[in-house]
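Source file query25.cif; content: mmCIF, C-alpha atoms and all ligand atoms.
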```
data_work
loop_
_atom_site.label_atom_id
_atom_site.label_comp_id
_atom_site.auth_asym_id
_atom_site.auth_seq_id
_atom_site.Cartn_x
_atom_site.Cartn_y
_atom_site.Cartn_z
CA MET O 703 86.19 112.86 71.75
CA PRO O 704 88.47 114.11 69.01
CA ASP O 705 87.07 115.16 65.70
CA ASP O 706 88.28 113.24 62.67
CA HIS O 707 90.92 115.81 61.63
CA ALA O 708 92.63 115.63 65.01
CA LYS O 709 92.15 111.89 65.31
CA ALA O 710 94.06 111.35 62.07
CA LEU O 711 97.12 112.82 63.78
CA LEU O 712 96.91 110.59 66.86
CA ASP O 713 98.29 107.07 67.28
CA ILE O 714 96.29 105.69 70.15
CA HIS O 715 97.88 102.58 71.67
CA PRO O 716 95.55 99.57 71.19
CA ALA O 717 95.22 99.01 74.95
CA VAL O 718 94.34 102.67 75.48
CA GLU O 719 91.89 102.57 72.57
CA ALA O 720 90.20 99.51 74.12
CA ALA O 721 89.95 101.29 77.48
CA LEU O 722 88.42 104.33 75.76
CA GLN O 723 85.88 102.17 73.96
CA GLN O 724 84.91 100.41 77.19
CA ASN O 725 84.78 103.61 79.19
CA LYS O 726 87.49 102.33 81.52
CA PRO O 727 89.60 104.68 83.69
CA ILE O 728 92.67 106.11 81.94
CA VAL O 729 95.49 108.33 83.23
CA ALA O 730 97.63 110.37 80.83
CA LEU O 731 101.33 110.80 81.66
CA GLU O 732 103.73 113.39 80.27
CA SER O 733 107.10 112.75 78.64
CA THR O 734 109.14 115.92 79.25
CA ILE O 735 109.84 114.50 82.67
CA ILE O 736 111.56 111.59 80.83
CA THR O 737 113.58 113.60 78.31
CA HIS O 738 114.26 116.87 80.12
CA GLY O 739 113.36 116.28 83.76
CA MET O 740 115.42 113.29 84.88
CA PRO O 741 118.73 111.68 83.87
CA PHE O 742 119.02 108.24 82.25
CA PRO O 743 118.47 105.51 83.44
CA GLN O 744 116.26 106.76 86.30
CA ASN O 745 114.00 108.48 83.76
CA VAL O 746 113.07 105.23 81.98
CA GLU O 747 112.84 103.19 85.18
CA THR O 748 110.54 105.78 86.71
CA ALA O 749 108.36 106.05 83.61
CA ARG O 750 107.91 102.26 83.61
CA GLN O 751 107.16 102.13 87.33
CA VAL O 752 104.69 104.98 87.07
CA GLU O 753 102.78 103.11 84.35
CA ALA O 754 102.76 100.02 86.59
CA ILE O 755 101.42 102.03 89.53
CA VAL O 756 98.57 103.40 87.41
CA ARG O 757 97.66 99.81 86.46
CA GLU O 758 97.91 98.56 90.06
CA ASN O 759 95.41 101.24 91.01
CA GLY O 760 92.94 100.09 88.40
CA ALA O 761 93.52 102.47 85.50
CA MET O 762 95.18 102.35 82.07
CA PRO O 763 98.31 104.50 81.66
CA ALA O 764 98.77 106.56 78.48
CA THR O 765 102.18 108.18 78.22
CA VAL O 766 102.05 110.96 75.64
CA ALA O 767 104.86 111.95 73.23
CA VAL O 768 105.39 112.93 69.60
CA ILE O 769 107.46 110.50 67.56
CA GLY O 770 108.21 111.28 63.93
CA GLY O 771 105.39 113.80 63.97
CA ARG O 772 102.79 111.31 65.21
CA ILE O 773 101.08 112.12 68.49
CA LYS O 774 101.36 108.95 70.56
CA ILE O 775 98.68 108.36 73.17
CA GLY O 776 100.30 105.48 75.04
CA LEU O 777 103.80 104.30 74.17
CA GLN O 778 105.11 100.86 73.33
CA ALA O 779 107.78 99.68 75.81
CA SER O 780 110.43 100.11 73.09
CA GLU O 781 109.31 103.70 72.37
CA LEU O 782 109.49 104.61 76.04
CA GLU O 783 112.99 103.16 76.27
CA TRP O 784 114.09 104.98 73.13
CA LEU O 785 112.84 108.32 74.48
CA GLY O 786 115.04 107.87 77.56
CA THR O 787 118.26 108.37 75.60
CA ALA O 788 117.10 109.87 72.30
CA LYS O 789 118.74 113.06 71.09
CA ASP O 790 116.89 115.73 69.10
CA VAL O 791 113.74 115.42 71.14
CA LEU O 792 112.07 118.81 71.36
CA LYS O 793 110.39 120.04 74.51
CA LEU O 794 106.85 120.67 73.33
CA SER O 795 104.44 123.10 74.86
CA ARG O 796 101.28 124.50 73.21
CA ALA O 797 103.40 126.79 70.99
CA ASP O 798 105.49 123.92 69.55
CA LEU O 799 103.03 121.08 69.10
CA ALA O 800 101.82 121.84 65.58
CA PHE O 801 105.39 122.49 64.42
CA ALA O 802 106.59 119.11 65.71
CA VAL O 803 103.72 117.38 63.92
CA SER O 804 103.98 119.31 60.64
CA THR O 805 107.75 118.79 60.36
CA ARG O 806 107.58 115.17 61.61
CA ARG O 807 109.90 115.75 64.53
CA HIS O 808 110.23 113.98 67.86
CA GLY O 809 109.01 115.79 70.92
CA ALA O 810 108.32 115.28 74.59
CA THR O 811 105.13 116.84 75.87
CA THR O 812 105.07 119.24 78.82
CA VAL O 813 102.08 119.57 81.11
CA ALA O 814 100.46 122.00 78.66
CA ALA O 815 100.99 119.84 75.56
CA THR O 816 100.03 116.64 77.39
CA MET O 817 96.75 118.24 78.47
CA ILE O 818 96.00 119.19 74.86
CA CYS O 819 96.77 115.69 73.55
CA ALA O 820 94.92 113.94 76.41
CA HIS O 821 91.86 116.04 75.70
CA LEU O 822 92.04 115.26 71.97
CA ALA O 823 92.04 111.57 72.88
CA GLY O 824 89.17 111.90 75.36
CA ILE O 825 91.24 111.43 78.55
CA ARG O 826 90.21 113.57 81.53
CA ILE O 827 92.98 113.09 84.07
CA PHE O 828 96.73 113.31 83.98
CA ALA O 829 99.54 112.78 86.50
CA THR O 830 102.87 114.58 86.54
CA GLY O 831 105.56 115.70 88.99
CA GLY O 832 105.32 119.45 89.15
CA ILE O 833 103.70 122.03 86.92
CA GLY O 834 105.47 125.00 85.41
CA GLY O 835 104.52 128.35 86.92
CA VAL O 836 105.43 132.00 87.31
CA HIS O 837 109.21 132.24 87.50
CA ARG O 838 111.07 134.26 90.10
CA GLY O 839 112.09 137.55 88.51
CA VAL O 840 108.99 137.53 86.30
CA GLU O 841 108.99 141.34 86.46
CA HIS O 842 112.15 141.25 84.31
CA SER O 843 111.76 138.04 82.31
CA MET O 844 107.97 137.76 81.87
CA ASP O 845 108.56 134.01 82.19
CA ILE O 846 105.20 132.41 82.95
CA SER O 847 104.83 128.76 82.00
CA ALA O 848 102.23 128.01 79.34
CA ASP O 849 101.08 125.25 81.73
CA LEU O 850 99.09 127.84 83.69
CA ASP O 851 97.07 129.10 80.71
CA GLU O 852 96.48 125.55 79.60
CA LEU O 853 95.00 124.74 83.00
CA ALA O 854 92.64 127.66 82.42
CA ARG O 855 91.42 126.46 79.04
CA THR O 856 91.66 122.67 78.61
CA PRO O 857 89.34 120.39 80.59
CA VAL O 858 91.84 117.93 82.03
CA ALA O 859 92.49 117.44 85.75
CA VAL O 860 96.21 117.54 86.56
CA VAL O 861 97.62 115.79 89.63
CA CYS O 862 100.98 117.22 90.70
CA ALA O 863 103.06 117.70 93.86
CA GLY O 864 102.51 121.45 93.78
CA ALA O 865 105.00 123.67 92.06
CA LYS O 866 108.73 123.76 92.50
CA ALA O 867 110.07 126.35 94.86
CA ILE O 868 112.38 127.44 92.02
CA LEU O 869 109.23 129.31 90.95
CA ASP O 870 107.47 132.27 92.51
CA LEU O 871 104.82 130.25 94.33
CA PRO O 872 102.63 133.13 95.59
CA ARG O 873 102.40 134.60 92.09
CA THR O 874 101.77 131.15 90.59
CA LEU O 875 98.75 130.74 92.87
CA GLU O 876 97.56 134.30 92.15
CA TYR O 877 97.73 133.64 88.43
CA LEU O 878 95.77 130.40 88.72
CA GLU O 879 93.12 132.18 90.75
CA THR O 880 92.86 134.98 88.19
CA ARG O 881 92.44 132.46 85.39
CA GLY O 882 89.75 130.60 87.33
CA VAL O 883 91.60 127.35 87.94
CA PRO O 884 90.44 125.43 91.01
CA VAL O 885 93.50 124.42 93.08
CA ILE O 886 92.88 121.53 95.42
CA GLY O 887 95.14 120.45 98.24
CA TYR O 888 94.84 116.70 98.73
CA ARG O 889 94.68 116.09 102.47
CA THR O 890 96.51 119.35 103.10
CA ASP O 891 95.73 122.98 103.94
CA ARG O 892 99.07 124.24 102.58
CA PHE O 893 100.19 124.34 98.98
CA PRO O 894 102.88 121.66 98.56
CA ALA O 895 106.23 122.78 97.14
CA PHE O 896 107.31 119.77 95.07
CA TRP O 897 110.36 118.46 96.98
CA SER O 898 108.83 119.78 100.20
CA ALA O 899 105.46 118.54 101.43
CA THR O 900 104.38 122.02 102.40
CA SER O 901 104.95 125.72 101.83
CA GLU O 902 103.70 128.66 103.89
CA LEU O 903 100.91 129.27 101.39
CA PRO O 904 97.33 128.28 102.13
CA VAL O 905 95.78 126.12 99.43
CA PRO O 906 92.45 127.48 98.17
CA ILE O 907 90.45 124.21 98.40
CA ARG O 908 91.04 121.10 100.49
CA LEU O 909 89.62 117.67 99.64
CA ASP O 910 90.47 114.41 101.39
CA THR O 911 89.34 111.56 99.13
CA PRO O 912 89.57 110.59 95.44
CA ASP O 913 85.74 110.44 95.40
CA ALA O 914 85.51 114.04 96.58
CA ILE O 915 87.87 115.11 93.78
CA ALA O 916 85.83 113.14 91.22
CA ASP O 917 82.65 114.82 92.54
CA LEU O 918 84.22 118.23 92.05
CA ILE O 919 85.21 117.33 88.48
CA HIS O 920 81.65 116.14 87.72
CA THR O 921 80.16 119.25 89.26
CA LYS O 922 82.47 121.55 87.32
CA GLU O 923 81.47 119.79 84.11
CA ALA O 924 77.78 120.00 85.04
CA LEU O 925 78.18 123.75 85.48
CA ALA O 926 79.87 123.96 82.06
CA LEU O 927 82.88 125.61 83.66
CA THR O 928 85.57 125.18 81.06
CA GLY O 929 89.22 124.58 81.77
CA GLY O 930 91.08 122.15 83.94
CA LEU O 931 91.82 121.88 87.58
CA LEU O 932 94.88 121.26 89.64
CA VAL O 933 95.23 118.68 92.39
CA ALA O 934 98.25 119.33 94.59
CA ASN O 935 99.33 116.12 96.31
CA PRO O 936 102.15 116.54 98.86
CA VAL O 937 105.22 114.32 98.54
CA PRO O 938 105.16 111.60 101.26
CA SER O 939 106.90 112.98 104.34
CA LEU O 940 109.53 110.20 104.40
CA ASP O 941 110.71 111.30 100.96
CA GLU O 942 110.56 115.08 101.32
CA ILE O 943 113.36 117.61 101.54
CA PRO O 944 112.16 120.29 103.97
CA SER O 945 111.88 123.74 102.39
CA ALA O 946 114.44 125.33 104.71
CA GLU O 947 117.01 122.80 103.51
CA MET O 948 116.06 123.19 99.87
CA ALA O 949 116.05 127.01 99.93
CA ARG O 950 119.83 127.38 99.86
CA PHE O 951 120.22 125.08 96.84
CA ILE O 952 117.41 126.87 95.03
CA GLU O 953 118.93 130.33 95.59
CA ASN O 954 122.18 129.08 94.07
CA ALA O 955 120.46 127.44 91.13
CA VAL O 956 118.38 130.50 90.22
CA GLU O 957 121.45 132.76 90.52
CA LYS O 958 123.49 130.41 88.34
CA ALA O 959 120.82 130.28 85.63
CA ASP O 960 120.66 134.06 85.67
CA ARG O 961 124.43 134.49 85.44
CA ARG O 962 124.66 132.02 82.55
CA GLY O 963 121.91 133.87 80.72
CA ILE O 964 119.70 130.80 80.47
CA ILE O 965 116.25 131.76 79.23
CA GLY O 966 113.01 130.39 77.81
CA LYS O 967 112.29 126.71 77.79
CA ALA O 968 115.84 125.87 78.87
CA VAL O 969 115.32 127.35 82.33
CA THR O 970 113.37 124.54 84.00
CA PRO O 971 115.58 121.66 82.74
CA PHE O 972 118.71 123.60 83.77
CA LEU O 973 117.44 124.24 87.29
CA LEU O 974 116.36 120.62 87.74
CA SER O 975 119.65 119.08 86.66
CA TYR O 976 121.65 121.64 88.64
CA LEU O 977 119.72 120.72 91.76
CA VAL O 978 120.16 116.96 91.22
CA GLU O 979 123.90 117.57 91.06
CA LYS O 980 124.07 119.92 94.05
CA THR O 981 121.91 117.76 96.32
CA GLY O 982 123.98 114.68 95.44
CA GLY O 983 120.99 112.97 93.83
CA ARG O 984 118.66 113.53 96.75
CA SER O 985 116.33 115.84 94.79
CA LEU O 986 116.04 113.14 92.12
CA ARG O 987 114.99 110.50 94.67
CA THR O 988 112.35 112.88 95.97
CA ASN O 989 111.21 113.66 92.42
CA ILE O 990 110.77 109.95 91.67
CA ALA O 991 108.81 109.36 94.89
CA LEU O 992 106.40 112.21 94.28
CA VAL O 993 105.68 111.25 90.67
CA LYS O 994 104.75 107.73 91.80
CA ASN O 995 102.57 109.13 94.56
CA ASN O 996 100.76 111.32 92.03
CA ALA O 997 100.24 108.45 89.58
CA ALA O 998 98.51 106.42 92.31
CA LEU O 999 96.19 109.28 93.26
CA ALA O 1000 95.37 110.12 89.62
CA ALA O 1001 94.45 106.47 88.98
CA GLN O 1002 92.21 106.43 92.06
CA VAL O 1003 90.44 109.60 90.89
CA ALA O 1004 90.10 108.14 87.37
CA VAL O 1005 88.46 105.05 88.88
CA SER O 1006 86.10 107.25 90.94
CA LEU O 1007 85.24 109.29 87.85
CA ARG O 1008 84.22 106.15 86.00
CA ARG O 1009 81.96 104.91 88.80
CA GLY O 1010 79.33 106.94 87.01
CA THR O 1011 78.06 110.37 87.72
CA ALA O 1012 78.75 111.04 91.35
CA ASP O 1013 76.23 112.64 93.66
CA VAL O 1014 76.18 116.08 92.18
CA PRO O 1015 73.82 118.01 94.43
CA GLN O 1016 70.40 118.30 92.82
CA THR O 1017 68.03 121.22 92.95
CA ARG O 1018 65.48 120.79 95.75
CA SER O 1019 61.92 120.54 94.56
N1 LIG F 1 108.76 119.35 86.73
C1 LIG F 1 109.70 118.37 86.81
N2 LIG F 1 110.27 117.94 85.69
C2 LIG F 1 109.92 118.42 84.48
C3 LIG F 1 108.93 119.45 84.40
C4 LIG F 1 108.37 119.87 85.54
O1 LIG F 1 110.04 117.92 87.88
O2 LIG F 1 110.46 117.97 83.49
C5 LIG F 1 108.51 119.94 83.05
C6 LIG F 1 107.01 119.69 82.86
O3 LIG F 1 106.83 119.04 81.62
C7 LIG F 1 106.41 121.08 82.82
C8 LIG F 1 107.55 121.86 82.23
O4 LIG F 1 105.23 121.16 82.07
O5 LIG F 1 108.70 121.33 82.86
C9 LIG F 1 107.43 123.34 82.43
O6 LIG F 1 108.36 123.97 81.60
P1 LIG F 1 108.29 125.55 81.37
O7 LIG F 1 108.57 126.13 82.72
O8 LIG F 1 109.35 125.85 80.36
O9 LIG F 1 106.89 125.83 80.90
MN MN F 2 109.07 129.37 80.65
#
```
Write out the structure in this file as structure tokens.
Ligand code: PSU
Ligand code: MN
Amino acid sequence: MPDDHAKALLDIHPAVEAALQQNKPIVALESTIITHGMPFPQNVETARQVEAIVRENGAMPATVAVIGGRIKIGLQASELEWLGTAKDVLKLSRADLAFAVSTRRHGATTVAATMICAHLAGIRIFATGGIGGVHRGVEHSMDISADLDELARTPVAVVCAGAKAILDLPRTLEYLETRGVPVIGYRTDRFPAFWSATSELPVPIRLDTPDAIADLIHTKEALALTGGLLVANPVPSLDEIPSAEMARFIENAVEKADRRGIIGKAVTPFLLSYLVEKTGGRSLRTNIALVKNNAALAAQVAVSLRRGTADVPQTRS
């Protein structure tokens, strides 16, 4: 639960507030995917559908964004629509959140910033598309998404479709291991690669049911292990673009970003929109399908979490 100082900076949507009061399942959703991850109008349509999917699976959606310096936990329909075309919306990670609030700006929250805001509001689970990670060429750029450190420090479970193969996936997994973040493959032994249901990389932990994931979350809390955890949920096979097919597009995109000198927080949005263009919209269809798939799983885990303390193994007497 937030302390009063933080709470004064949050606008919690009445429906979300009611769910919090009644201890009902809630799933946080990010907004960078709306403003910087997908083109209009698919961004708004998807955001609406994702909220509906969370509800259909028995949980309350809470899309997070900063509007006029207020941290919104749950958006009104009109706010969500506005975000879809608004200009001057900052991409907010941990480093930018206080600035956006103190200068009363608008901002969309990344995985890192959404985790921070969800935690302030008392929400324990969050669904997104893909997390940021260690970028290819990290030895030159030092580009490591703040999402990874956030997973290490903030106690929110993040459901994603793995990490995009525009990143250095082996190093992303190494970094998560170093920082002590449990990485769970949902019904898979291989780490999913966003548009592709699988990569070559083994996933450290496999779990096959929402209840098993909820049990792990309870157990981690019982052990006072701080930080979050990552659930990697493969895109449904009908919607995937196999990695061999995607590889060529990705090579081109990374090269192009490099040649244009694109750096910092502009890198991920550039790569995503370049790929939508080069795949003739196919990567966008896959992106939409995987976000929906993650919203459903996150809601199911949120429901399991609320079924009370699961059977955390007890000490034998
Ligand atoms: N994956 C997507 N679309 C996105 C992002 C990831 O398909 O918009 C966003 C997420 O908000 C993620 C962020 O947290 O990109 C990572 O950005 P960076 O690499 O700059 O940390
Ligand atoms: Mn970065």
Between atom CA of O:Ala764 and atom CA of O:Gly809 - distance in Å to one decimal: 15.7 Å
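In this model, the gap between atom CA of O:Ile919 and atom CA of O:Ile886 comes to 11.2 Å.
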Set up a box along x, y and z of the file covering all listed atoms of stretch 787-800 of chain O, add 8 Å on every one of the six sides, and write the centre and edge lengths in Å to one decimal, as lines of an AutoDock Vina configuration file.
```
center_x = 110.0
center_y = 117.6
center_z = 70.6
size_x = 33.5
size_y = 34.4
size_z = 26.0
```
Neighbourhood of ligand MN 2 (chain F) at 7 Å, counting all atoms listed in the file, reported as a VMD selection string: chain O and resid 845 to 847 966 to 967 969
Using only C-alpha atoms and all ligand atoms, what are the residues with an atom within 6 Å of ligand LIG 1 (chain F), set out as a JSON list (two decimals) with C-alpha atoms, in the coordinates of the input?
```
[["chain", "number", "residue", "atom", "x", "y", "z"],
["O", 734, "THR", "CA", 109.14, 115.92, 79.25],
["O", 735, "ILE", "CA", 109.84, 114.50, 82.67],
["O", 738, "HIS", "CA", 114.26, 116.87, 80.12],
["O", 739, "GLY", "CA", 113.36, 116.28, 83.76],
["O", 812, "THR", "CA", 105.07, 119.24, 78.82],
["O", 813, "VAL", "CA", 102.08, 119.57, 81.11],
["O", 814, "ALA", "CA", 100.46, 122.00, 78.66],
["O", 831, "GLY", "CA", 105.56, 115.70, 88.99],
["O", 832, "GLY", "CA", 105.32, 119.45, 89.15],
["O", 833, "ILE", "CA", 103.70, 122.03, 86.92],
["O", 834, "GLY", "CA", 105.47, 125.00, 85.41],
["O", 847, "SER", "CA", 104.83, 128.76, 82.00],
["O", 848, "ALA", "CA", 102.23, 128.01, 79.34],
["O", 849, "ASP", "CA", 101.08, 125.25, 81.73],
["O", 967, "LYS", "CA", 112.29, 126.71, 77.79],
["O", 970, "THR", "CA", 113.37, 124.54, 84.00]]
```
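In this structure, atom CA of O:Leu853 sits 26.8 Å away from atom CA of O:Gly786.
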For O:Arg873: contacts at 10 Å, only C-alpha atoms, fewer than 4 positions along chain excluded, given as a list in words: Gly835, Val836, His837, Arg838, Val840, Ile846, Leu869, Tyr877, Leu878 and Glu879 of chain O
Selected residues written out, C-alpha atoms, as a PDB file, keeping the file's coordinate frame:
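Final output, again_32.pdb:
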```pdb
ATOM      1  CA  GLY O 835     104.520 128.350  86.920  1.00  0.00           C
ATOM      2  CA  VAL O 836     105.430 132.000  87.310  1.00  0.00           C
ATOM      3  CA  HIS O 837     109.210 132.240  87.500  1.00  0.00           C
ATOM      4  CA  ARG O 838     111.070 134.260  90.100  1.00  0.00           C
ATOM      5  CA  VAL O 840     108.990 137.530  86.300  1.00  0.00           C
ATOM      6  CA  ILE O 846     105.200 132.410  82.950  1.00  0.00           C
ATOM      7  CA  LEU O 869     109.230 129.310  90.950  1.00  0.00           C
ATOM      8  CA  TYR O 877      97.730 133.640  88.430  1.00  0.00           C
ATOM      9  CA  LEU O 878      95.770 130.400  88.720  1.00  0.00           C
ATOM     10  CA  GLU O 879      93.120 132.180  90.750  1.00  0.00           C
TER      11      GLU O 879
END
```
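Using all atoms listed in the file, the nearest neighbour of O:Arg987 within the list O:Met740, O:Val718, O:Ala959, O:Met762 is O:Met740.
Using all atoms listed in the file, the shortest contact distance between O:Ile990 and any of O:Lys726, O:Arg750, O:His920, O:His715 is found at O:Arg750.
Each of O:Val883, O:Ile827, O:Ala749, O:Ala708 was compared to O:Ile728 using all atoms listed in the file, and O:Ile827 turns out to be the nearest.
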Nearest to O:Leu782, chosen from O:Glu747, O:Glu876, O:Asp851, O:Asp706, with all atoms listed in the file counted in the distances: O:Glu747
